>>> print(open('start.cif').read())   # mmCIF, C-alpha atoms
data_run
#
loop_
_atom_site.label_atom_id
_atom_site.label_comp_id
_atom_site.auth_asym_id
_atom_site.auth_seq_id
_atom_site.Cartn_x
_atom_site.Cartn_y
_atom_site.Cartn_z
CA MET D 1 42.39 47.08 1.01
CA LYS D 2 45.59 48.87 1.83
CA ILE D 3 47.74 49.15 4.91
CA GLU D 4 49.10 52.59 5.75
CA THR D 5 52.50 52.76 7.37
CA ALA D 6 54.49 55.79 8.40
CA THR D 7 56.37 56.06 5.13
CA VAL D 8 54.77 53.89 2.50
CA THR D 9 51.43 52.47 1.47
CA VAL D 10 51.56 48.71 1.16
CA PRO D 11 48.63 47.00 -0.52
CA GLU D 12 47.28 43.73 0.79
CA ARG D 13 48.78 40.73 -1.03
CA PRO D 14 46.29 39.31 -3.53
CA TYR D 15 47.42 35.72 -3.02
CA SER D 16 46.35 32.92 -0.69
CA VAL D 17 49.85 31.48 -0.32
CA PRO D 18 52.84 32.94 1.50
CA VAL D 19 56.04 34.15 -0.09
CA GLU D 20 58.62 31.38 -0.16
CA ARG D 21 61.60 33.18 -1.62
CA THR D 22 62.95 36.51 -2.76
CA GLU D 23 64.33 36.79 -6.25
CA ARG D 24 66.23 39.56 -7.96
CA LEU D 25 65.57 40.47 -11.57
CA PRO D 26 67.98 42.02 -14.09
CA PHE D 27 65.43 44.78 -14.66
CA ARG D 28 63.10 46.95 -12.64
CA VAL D 29 59.37 47.37 -13.15
CA ARG D 30 57.95 50.71 -12.16
CA VAL D 31 55.28 53.25 -12.96
CA VAL D 32 55.89 55.65 -15.84
CA THR D 33 56.18 59.02 -14.16
CA GLY D 34 57.59 61.59 -16.56
CA PRO D 35 58.37 62.42 -20.18
CA GLN D 36 61.61 60.41 -20.16
CA ASP D 37 59.87 57.29 -18.86
CA LEU D 38 57.01 57.77 -21.30
CA GLY D 39 59.48 58.12 -24.16
CA LYS D 40 61.02 54.76 -23.20
CA ALA D 41 57.60 53.11 -22.91
CA VAL D 42 56.54 54.45 -26.29
CA GLU D 43 59.77 53.37 -27.92
CA ILE D 44 59.54 49.76 -26.76
CA ARG D 45 55.83 49.64 -27.57
CA SER D 46 56.44 50.87 -31.10
CA SER D 47 59.37 48.56 -31.77
CA ALA D 48 57.50 45.54 -30.35
CA TYR D 49 54.47 46.17 -32.57
CA SER D 50 56.66 46.93 -35.57
CA ARG D 51 58.03 43.40 -35.60
CA HIS D 52 54.64 41.85 -36.25
CA VAL D 53 52.33 44.64 -37.40
CA PRO D 54 54.52 47.34 -38.94
CA ALA D 55 51.57 49.63 -39.69
CA VAL D 56 50.58 49.70 -36.01
CA GLY D 57 54.19 50.06 -34.96
CA ALA D 58 54.48 53.14 -37.14
CA MET D 59 51.24 54.50 -35.67
CA LEU D 60 52.68 54.10 -32.17
CA ARG D 61 55.93 55.97 -32.68
CA GLU D 62 54.50 58.91 -30.76
CA ALA D 63 52.70 58.85 -27.43
CA GLU D 64 48.93 58.57 -27.72
CA ALA D 65 46.41 60.96 -26.19
CA ASP D 66 45.44 58.24 -23.70
CA ASP D 67 49.01 58.19 -22.38
CA TYR D 68 48.42 61.66 -20.94
CA ARG D 69 45.10 60.95 -19.22
CA SER D 70 45.21 61.52 -15.48
CA ASP D 71 43.21 58.34 -14.88
CA VAL D 72 45.55 56.15 -16.91
CA LEU D 73 48.77 54.57 -15.71
CA SER D 74 51.57 52.87 -17.61
CA ILE D 75 54.19 50.59 -16.21
CA PHE D 76 57.44 49.59 -17.80
CA ALA D 77 60.39 47.28 -17.35
CA GLU D 78 63.78 48.92 -17.50
CA ARG D 79 67.03 46.99 -17.68
CA LYS D 80 69.27 47.70 -14.69
CA ALA D 81 72.52 47.47 -16.62
CA ASP D 82 71.89 50.25 -19.12
CA GLY D 83 68.43 51.63 -18.42
CA ARG D 84 67.01 50.35 -21.68
CA ALA D 85 63.26 49.73 -21.72
CA LEU D 86 62.36 46.07 -22.23
CA GLY D 87 58.58 46.19 -22.09
CA SER D 88 55.60 48.32 -21.18
CA VAL D 89 51.85 48.14 -20.77
CA ARG D 90 49.19 50.80 -20.25
CA LEU D 91 46.45 50.25 -17.69
CA GLN D 92 43.34 52.06 -18.85
CA PRO D 93 40.20 51.97 -16.68
CA ASN D 94 36.53 52.76 -17.25
CA LEU D 95 36.37 55.18 -14.32
CA ASN D 96 35.81 58.36 -16.32
CA LYS D 97 35.36 57.01 -19.83
CA PRO D 98 34.32 53.63 -21.23
CA LEU D 99 37.10 51.19 -22.09
CA ARG D 100 38.47 51.55 -25.60
CA ILE D 101 37.10 48.13 -26.51
CA GLU D 102 33.61 49.31 -25.47
CA GLY D 103 33.77 51.67 -28.42
CA GLU D 104 34.34 48.68 -30.68
CA THR D 105 31.92 46.06 -29.36
CA GLN D 106 29.11 45.64 -26.86
CA LEU D 107 30.32 43.86 -23.74
CA PRO D 108 28.02 41.28 -22.12
CA ALA D 109 25.71 42.49 -19.33
CA ARG D 110 27.82 40.94 -16.55
CA TYR D 111 30.36 43.70 -17.03
CA GLN D 112 27.90 46.58 -16.71
CA GLY D 113 28.42 48.82 -13.71
CA ARG D 114 31.68 47.13 -12.74
CA ARG D 115 35.17 48.58 -12.33
CA LEU D 116 36.92 47.48 -15.49
CA ILE D 117 40.45 48.01 -16.66
CA GLU D 118 42.07 47.23 -19.98
CA PHE D 119 45.70 46.18 -20.44
CA MET D 120 46.61 48.07 -23.56
CA ARG D 121 49.62 48.24 -25.84
CA LEU D 122 51.52 45.43 -24.12
CA GLY D 123 54.85 45.47 -25.87
CA VAL D 124 57.90 43.45 -24.89
CA GLU D 125 61.30 43.28 -26.49
CA ASN D 126 61.71 39.88 -28.13
CA GLY D 127 57.93 39.51 -28.15
CA ILE D 128 56.20 36.81 -26.16
CA PRO D 129 59.49 34.96 -25.67
CA GLY D 130 60.55 37.87 -23.48
CA GLN D 131 59.12 35.64 -20.78
CA LEU D 132 60.54 37.09 -17.60
CA VAL D 133 59.68 40.65 -18.61
CA THR D 134 56.16 39.69 -19.68
CA ALA D 135 55.62 37.80 -16.42
CA ALA D 136 56.88 40.72 -14.36
CA LEU D 137 54.63 43.21 -16.17
CA VAL D 138 51.65 40.88 -15.71
CA LYS D 139 52.43 40.45 -12.02
CA ALA D 140 52.76 44.18 -11.46
CA GLY D 141 49.63 44.91 -13.52
CA PHE D 142 47.54 42.37 -11.67
CA GLU D 143 48.69 43.52 -8.24
CA ILE D 144 47.91 47.12 -9.18
CA CYS D 145 44.41 46.12 -10.35
CA HIS D 146 43.79 44.23 -7.12
CA ALA D 147 45.06 47.08 -4.96
CA ALA D 148 42.91 49.61 -6.82
CA GLY D 149 39.77 47.49 -6.48
CA PHE D 150 39.06 46.64 -10.11
CA ASP D 151 36.61 43.84 -10.83
CA PHE D 152 37.74 42.67 -14.26
CA ILE D 153 40.91 42.92 -16.32
CA PHE D 154 40.48 43.09 -20.09
CA ALA D 155 42.91 42.59 -22.93
CA ALA D 156 42.56 42.43 -26.68
CA GLY D 157 44.85 40.26 -28.72
CA ARG D 158 45.44 39.04 -32.23
CA ARG D 159 45.08 35.32 -32.71
CA SER D 160 48.86 34.90 -32.52
CA VAL D 161 49.00 36.37 -29.01
CA SER D 162 45.69 35.06 -27.72
CA MET D 163 47.50 32.00 -26.32
CA LEU D 164 49.19 34.36 -23.88
CA TYR D 165 45.80 35.24 -22.36
CA HIS D 166 44.56 31.64 -22.44
CA ALA D 167 47.71 30.64 -20.58
CA MET D 168 46.85 33.20 -17.92
CA ALA D 169 43.34 31.77 -17.46
CA PHE D 170 41.50 34.66 -19.10
CA ASP D 171 37.99 34.04 -20.46
CA ASP D 172 37.29 34.55 -24.13
CA VAL D 173 34.61 37.24 -24.04
CA LEU D 174 33.60 36.70 -27.68
CA ASP D 175 33.77 32.86 -27.56
CA GLY D 176 36.31 32.64 -30.34
CA GLY D 177 34.95 35.64 -32.22
CA THR D 178 36.99 38.67 -33.14
CA VAL D 179 36.43 42.36 -33.58
CA ALA D 180 38.35 44.67 -35.91
CA LEU D 181 39.85 47.24 -33.58
CA SER D 182 39.98 50.76 -34.98
CA TYR D 183 42.92 51.54 -32.70
CA ALA D 184 44.89 48.55 -34.02
CA ASN D 185 44.71 49.15 -37.76
CA HIS D 186 41.33 47.33 -37.96
CA LEU D 187 42.99 43.97 -37.48
CA PRO D 188 40.77 41.25 -35.97
CA HIS D 189 41.32 40.86 -32.24
CA GLY D 190 39.89 38.51 -29.65
CA ILE D 191 38.69 40.07 -26.38
CA PHE D 192 39.73 38.42 -23.14
CA SER D 193 38.85 39.11 -19.52
CA ILE D 194 39.44 37.70 -16.07
CA PRO D 195 37.77 38.58 -12.76
CA VAL D 196 40.47 40.01 -10.53
CA ASN D 197 39.26 37.94 -7.59
CA GLN D 198 39.61 34.74 -9.63
CA VAL D 199 43.27 35.08 -10.54
CA ASP D 200 44.47 33.49 -7.29
CA ARG D 201 42.06 30.58 -7.79
CA ARG D 202 42.54 29.92 -11.48
CA LEU D 203 46.23 30.44 -12.02
CA PRO D 204 47.70 27.67 -9.84
CA ALA D 205 46.12 24.97 -12.00
CA LYS D 206 46.31 26.77 -15.32
CA ASN D 207 49.83 28.09 -15.08
CA PRO D 208 51.69 26.93 -11.96
CA GLY D 209 54.99 28.42 -13.13
CA LEU D 210 53.53 31.88 -13.54
CA TYR D 211 51.64 31.53 -10.26
CA ALA D 212 54.83 30.60 -8.41
CA PHE D 213 56.52 33.63 -9.94
CA MET D 214 53.64 35.90 -8.96
CA ALA D 215 52.49 34.55 -5.61
CA ARG D 216 55.30 32.59 -4.03
CA THR D 217 58.17 34.87 -4.99
CA HIS D 218 58.92 38.35 -3.73
CA HIS D 219 60.51 40.58 -6.36
CA PRO D 220 61.96 43.74 -4.83
CA ASP D 221 62.70 44.94 -8.36
CA ILE D 222 58.99 45.18 -9.07
CA ASP D 223 58.79 48.50 -7.37
CA ILE D 224 55.37 50.05 -7.75
CA ASP D 225 54.57 53.45 -6.25
CA TYR D 226 51.16 52.71 -4.77
CA GLU D 227 50.57 56.31 -3.77
CA HIS D 228 50.68 57.03 -7.50
CA VAL D 229 48.38 54.09 -8.19
CA TYR D 230 45.80 55.24 -5.64
CA ARG D 231 45.95 58.82 -6.90
CA THR D 232 45.42 57.67 -10.48
CA PHE D 233 42.61 55.20 -9.83
CA SER D 234 40.83 56.93 -6.94
CA MET V 1 99.86 54.33 -7.21
CA THR V 2 98.72 57.91 -7.77
CA THR V 3 95.81 59.11 -9.88
CA VAL V 4 98.20 60.01 -12.68
CA ASP V 5 99.64 56.49 -12.64
CA ALA V 6 96.16 55.01 -12.60
CA LEU V 7 95.27 57.05 -15.68
CA HIS V 8 98.28 55.65 -17.47
CA VAL V 9 97.42 52.02 -16.85
CA ALA V 10 93.66 52.30 -17.33
CA SER V 11 92.16 52.41 -20.78
CA LEU V 12 88.58 52.83 -21.84
CA ARG V 13 87.01 50.64 -24.45
CA ARG V 14 83.75 51.63 -26.05
CA TRP V 15 80.91 49.25 -26.90
CA SER V 16 78.27 50.60 -29.24
CA SER V 17 74.61 49.68 -29.25
CA SER V 18 73.41 47.65 -32.20
CA SER V 19 69.98 49.24 -32.11
CA ASP V 20 70.62 52.84 -31.08
CA SER V 21 73.47 54.77 -32.63
CA THR V 22 73.50 57.21 -29.73
CA ALA V 23 73.82 54.55 -27.02
CA ALA V 24 77.07 53.07 -25.79
CA VAL V 25 78.75 51.46 -22.83
CA ALA V 26 82.34 51.85 -21.71
CA GLU V 27 84.78 49.34 -20.33
CA LEU V 28 87.57 50.18 -17.96
CA SER V 29 90.52 47.87 -18.44
CA MET V 30 93.36 47.66 -15.98
CA GLU V 31 95.83 44.97 -15.08
CA SER V 32 95.37 43.53 -11.58
CA MET V 33 93.50 46.47 -10.16
CA THR V 34 93.51 47.19 -6.43
CA ALA V 35 90.56 48.85 -4.74
CA ASN V 36 92.48 52.12 -4.49
CA GLN V 37 93.45 52.00 -8.14
CA LEU V 38 89.84 51.38 -9.11
CA SER V 39 88.70 54.29 -7.01
CA GLU V 40 91.23 56.58 -8.65
CA ALA V 41 90.51 55.30 -12.13
CA LEU V 42 86.79 55.87 -11.65
CA ALA V 43 87.35 59.40 -10.44
CA ALA V 44 89.67 60.09 -13.37
CA ASN V 45 87.23 58.82 -15.98
CA VAL V 46 83.94 60.40 -14.94
CA SER V 47 83.96 62.91 -17.77
CA ARG V 48 84.91 60.32 -20.39
CA VAL V 49 81.84 58.16 -19.83
CA ARG V 50 79.30 60.97 -19.75
CA ASN V 51 77.43 59.66 -22.81
CA CYS V 52 77.55 56.01 -21.80
CA SER V 53 74.85 54.08 -19.97
CA MET V 54 77.07 51.56 -18.18
CA LEU V 55 80.70 51.10 -17.20
CA ILE V 56 82.14 47.60 -17.28
CA VAL V 57 85.03 46.88 -14.95
CA ARG V 58 86.71 43.61 -15.81
CA LEU V 59 87.67 41.53 -12.81
CA GLY V 60 87.91 38.03 -14.27
CA ALA V 61 88.64 35.32 -11.72
CA VAL V 62 88.74 36.76 -8.22
CA ASP V 63 87.85 35.36 -4.81
CA ARG V 64 84.80 36.45 -2.87
CA PRO V 65 86.60 38.89 -0.51
CA THR V 66 88.19 40.65 -3.50
CA LEU V 67 84.86 40.84 -5.29
CA LEU V 68 83.14 42.25 -2.22
CA ALA V 69 85.92 44.79 -1.69
CA THR V 70 85.70 45.89 -5.31
CA TRP V 71 81.92 46.02 -5.07
CA ALA V 72 82.18 48.27 -2.00
CA THR V 73 84.67 50.54 -3.77
CA ALA V 74 82.41 50.81 -6.81
CA GLN V 75 79.44 51.59 -4.57
CA ALA V 76 81.33 54.22 -2.66
CA ALA V 77 82.46 55.94 -5.84
CA LYS V 78 78.87 57.11 -6.52
CA PHE V 79 79.65 56.92 -10.22
CA PRO V 80 77.10 58.68 -12.44
CA ILE V 81 76.33 55.52 -14.45
CA ARG V 82 75.87 51.92 -13.42
CA ILE V 83 79.04 49.92 -12.91
CA CYS V 84 78.96 46.27 -13.98
CA LEU V 85 81.76 44.17 -12.54
CA ALA V 86 82.69 41.57 -15.14
CA VAL V 87 83.39 38.22 -13.51
CA ASP V 88 83.95 34.75 -14.84
CA ARG V 89 82.14 31.55 -13.94
CA SER V 90 84.56 30.57 -11.21
CA THR V 91 83.91 33.85 -9.43
CA LEU V 92 80.18 33.51 -9.93
CA ALA V 93 80.34 30.14 -8.20
CA THR V 94 81.78 31.76 -5.05
CA ILE V 95 79.17 34.47 -4.76
CA GLY V 96 76.28 32.65 -3.12
CA PRO V 97 72.87 34.16 -2.65
CA ASN V 98 73.71 37.12 -0.47
CA LEU V 99 75.41 39.58 -2.76
CA PRO V 100 74.00 42.98 -1.86
CA ALA V 101 71.47 44.48 -4.25
CA ASP V 102 72.53 47.91 -5.32
CA GLU V 103 71.31 50.83 -7.38
CA ARG V 104 74.76 51.56 -8.74
CA VAL V 105 76.60 48.26 -9.10
CA GLY V 106 75.82 44.94 -10.78
CA LEU V 107 77.51 41.89 -12.27
CA LEU V 108 78.30 40.87 -15.83
CA LEU V 109 79.12 37.25 -16.62
CA ASP V 110 82.19 37.28 -18.82
CA GLY V 111 83.51 34.77 -21.33
CA VAL V 112 80.23 33.02 -22.10
CA ASP V 113 80.83 30.11 -24.47
CA ASP V 114 79.65 26.60 -25.25
CA THR V 115 80.81 25.35 -21.85
CA THR V 116 78.65 27.87 -19.95
CA PRO V 117 75.67 26.21 -18.26
CA PRO V 118 72.34 27.96 -18.90
CA VAL V 119 71.79 28.16 -15.16
CA ASP V 120 74.78 30.50 -14.91
CA VAL V 121 73.28 32.76 -17.57
CA VAL V 122 70.04 33.11 -15.60
CA ASN V 123 71.77 33.36 -12.21
CA GLU V 124 69.87 36.13 -10.49
CA ALA V 125 73.05 38.00 -9.57
CA ILE V 126 73.79 38.50 -13.27
CA GLU V 127 72.36 41.40 -15.28
CA ALA V 128 74.52 41.27 -18.41
CA ILE V 129 76.60 38.68 -20.25
CA ARG V 130 79.52 38.98 -22.62
CA PHE V 131 80.24 36.27 -25.14
CA ASP V 132 83.74 34.98 -25.68
CA SER V 133 84.93 36.25 -29.05
CA ARG V 134 86.61 32.94 -29.94
CA PHE V 135 83.37 31.11 -29.32
CA VAL V 136 81.42 33.54 -31.50
CA ALA V 137 84.02 33.16 -34.24
CA LYS V 138 83.76 29.39 -33.97
CA ALA V 139 79.97 29.62 -34.17
CA THR V 140 80.24 31.24 -37.58
CA ARG V 141 82.04 28.12 -38.88
CA HIS V 142 80.39 25.34 -36.91
CA LEU V 143 76.67 24.75 -37.03
CA ARG V 144 76.34 23.05 -33.64
CA SER V 145 78.23 25.88 -31.95
CA GLU V 146 75.98 28.31 -33.73
CA CYS V 147 72.97 26.50 -32.25
CA VAL V 148 74.49 26.88 -28.79
CA LEU V 149 75.17 30.57 -29.37
CA ASP V 150 71.62 31.13 -30.58
CA ALA V 151 70.16 29.27 -27.60
CA LEU V 152 72.27 31.19 -25.05
CA LEU V 153 71.49 34.51 -26.71
CA THR V 154 67.77 33.75 -26.74
CA LEU V 155 67.92 32.66 -23.11
CA ALA V 156 69.68 35.87 -22.12
CA LYS V 157 67.12 37.99 -23.95
CA ASN V 158 64.23 36.07 -22.42
CA ALA V 159 65.70 36.76 -19.02
CA GLY V 160 66.04 40.47 -19.77
CA LEU V 161 69.86 40.56 -19.70
CA ALA V 162 72.04 42.93 -21.68
CA THR V 163 74.27 41.06 -24.13
CA LEU V 164 77.69 42.00 -25.43
CA GLY V 165 79.77 40.34 -28.10
CA PRO V 166 82.24 40.93 -30.89
CA GLU V 167 81.22 42.79 -34.01
CA SER V 168 77.99 41.28 -35.26
CA ARG V 169 78.43 39.94 -38.76
CA SER V 170 75.21 39.44 -40.63
CA THR V 171 75.88 37.05 -43.43
CA GLY V 172 72.45 36.94 -44.93
CA GLY V 173 69.78 36.03 -42.39
CA SER V 174 69.02 32.53 -43.67
CA TRP V 175 69.02 29.58 -41.30
CA LEU V 176 72.50 28.78 -42.51
CA SER V 177 73.79 32.22 -41.72
CA PRO V 178 71.63 33.88 -39.08
CA HIS V 179 72.16 37.38 -37.79
CA VAL V 180 73.81 37.36 -34.37
CA ASP V 181 72.29 40.26 -32.56
CA PHE V 182 74.15 41.40 -29.45
CA ASP V 183 72.92 44.51 -27.67
CA TYR V 184 76.42 45.97 -27.69
CA VAL V 185 79.40 45.24 -29.89
CA ALA V 186 83.04 46.12 -29.32
CA GLU V 187 84.42 49.30 -30.76
CA ASP V 188 87.78 50.95 -30.25
CA VAL V 189 89.95 51.62 -27.28
CA VAL V 190 89.68 55.34 -26.56
#
>>> encode(input="start.cif", output="structure tokens")
Amino acid sequence: MKIETATVTVPERPYSVPVERTERLPFRVRVVTGPQDLGKAVEIRSSAYSRHVPAVGAMLREAEADDYRSDVLSIFAERKADGRALGSVRLQPNLNKPLRIEGETQLPARYQGRRLIEFMRLGVENGIPGQLVTAALVKAGFEICHAAGFDFIFAAGRRSVSMLYHAMAFDDVLDGGTVALSYANHLPHGIFSIPVNQVDRRLPAKNPGLYAFMARTHHPDIDIDYEHVYRTFS
Amino acid sequence: MTTVDALHVASLRRWSSSSDSTAAVAELSMESMTANQLSEALAANVSRVRNCSMLIVRLGAVDRPTLLATWATAQAAKFPIRICLAVDRSTLATIGPNLPADERVGLLLDGVDDTTPPVDVVNEAIEAIRFDSRFVAKATRHLRSECVLDALLTLAKNAGLATLGPESRSTGGSWLSPHVDFDYVAEDVV
């Protein structure tokens, strides 16, 4: 559900608790909108992957075909001080094409006919320890998915990053199993998902710090153009 | 003081990126700068910072009214790159929660060392930090100081801050001599 105002479209908040404080960040999170933004997103993605999986990092030095799809949206975090990209993630839905992971494995029946979206190529400078940037990208990504009416969020992760998704109360779709992803150098990945309407219920107990950041704190620097979101995911 | 005078007393220092040879930031250094002098110095240096992504203006220890006046001057200048006002901890303590957010101006915490509390590093008014060169030099000779430097640097990176420090000296990359990786290191005065 969205609320139309004279100048801006404001989506309904996806949380059951009110905002308690406003907090500024040393970076902005926004939608990738042009070649310059995409270049920054690709650069941080490639360098983040290069630290742990150099072969994939090398593969990601150029933008991928999916980056140019009209039904795909990327968001990135950009440092205020110097404009340097600190992290990015691509939100890739099943609206016109199956998810990329559906080309790699059969998803359980409960996902059939639902609006699914995959968080792809999450890359953050300093890796998982880039905590504030990761949290801000997750917050923005989740709020976008809620606003655009998706049912489930998916993510694939190597064992070393799977704890990130466990910490965010994702379900393990393969119950500990892995699949060798062709778009990640055939490395074994777990597949994780969470129902969008469960995030507000699961997160407070599973990860109260992240929930407080997402639900109880207003971040003006997470500045998502929802007109762009609705155009992309209509 | 006229624009010509301001040009004489202001110098630009360049800080180069450790990860991107084409990226740099500039620092405007002046002794006891008034708002008018800052305004003139900014106008006089627009063309010299064209290839930089940020301009640091060192304020040091100033009171809140001076900081706000300088902030307003920097805002009004409509400088083509972001201006970071470099303040020390005593100034940070006077700021309070209501410093205006701005597209063009931000704050850098200057002189970070082993007496700097982590809470100052992650103060939400701060978007960049600069390490004290004496502290960094000490950290290369003293293991506990090195631990503090590493912890503060990691904290800053986790928070998404830009980091500046003296020339990074990699002495091998082992745990006894880790690589200190600032985003920007000092270059020459230009």
>>> closest_residue(input="start.cif", among="D:Val42, D:Leu122, D:Ala136, D:Ala55", to="chain V", atoms="all atoms listed in the file")
D:Ala136
>>> resolve_selection(input="start.cif", expression="the PyMOL selection byres ((chain D) within 9 of (chain V))", output="list in words")
Glu23, Arg24, Leu25, Pro26, Phe27, Arg79, Lys80, Ala81, Asp82, Gly83, Arg84, Leu86, Glu125, Asn126, Ile128, Pro129, Gly130, Gln131, Leu132 and Val133 of chain D
>>> closest_residue(input="start.cif", among="D:Phe192, D:Tyr226, D:Tyr183, D:Phe150", to="D:Pro93", atoms="only C-alpha atoms")
D:Phe150
>>> resolve_selection(input="start.cif", expression="the PyMOL selection byres ((chain V and resi 36-39) around 7)", output="list in words")
Met1, Ala6, Met33, Thr34, Ala35, Glu40, Ala41, Leu42, Ala43, Thr73 and Ala77 of chain V
>>> resolve_selection(input="start.cif", expression="the PyMOL selection byres ((chain V and resi 17) around 10)", output="PyMOL selection string")
chain V and resi 14-16+18-25+164+182-187
>>> residues_around(input="start.cif", residues="stretch 63-74 of chain D", least_positions_apart="2", cutoff="9 Å", atoms="only C-alpha atoms", output="compact mmCIF listing (two decimals) with C-alpha atoms, in the frame of the given file")
# COMPACT_ATOMS: atom_id res chain seq x y z
CA ARG D 30 57.95 50.71 -12.16
CA VAL D 31 55.28 53.25 -12.96
CA VAL D 32 55.89 55.65 -15.84
CA THR D 33 56.18 59.02 -14.16
CA LEU D 38 57.01 57.77 -21.30
CA GLY D 39 59.48 58.12 -24.16
CA ALA D 41 57.60 53.11 -22.91
CA VAL D 42 56.54 54.45 -26.29
CA GLU D 43 59.77 53.37 -27.92
CA LEU D 60 52.68 54.10 -32.17
CA ARG D 61 55.93 55.97 -32.68
CA PHE D 76 57.44 49.59 -17.80
CA SER D 88 55.60 48.32 -21.18
CA VAL D 89 51.85 48.14 -20.77
CA ARG D 90 49.19 50.80 -20.25
CA LEU D 91 46.45 50.25 -17.69
CA GLN D 92 43.34 52.06 -18.85
CA PRO D 93 40.20 51.97 -16.68
CA LEU D 95 36.37 55.18 -14.32
CA ASN D 96 35.81 58.36 -16.32
CA HIS D 228 50.68 57.03 -7.50
CA VAL D 229 48.38 54.09 -8.19
CA ARG D 231 45.95 58.82 -6.90
CA THR D 232 45.42 57.67 -10.48
CA PHE D 233 42.61 55.20 -9.83
CA SER D 234 40.83 56.93 -6.94
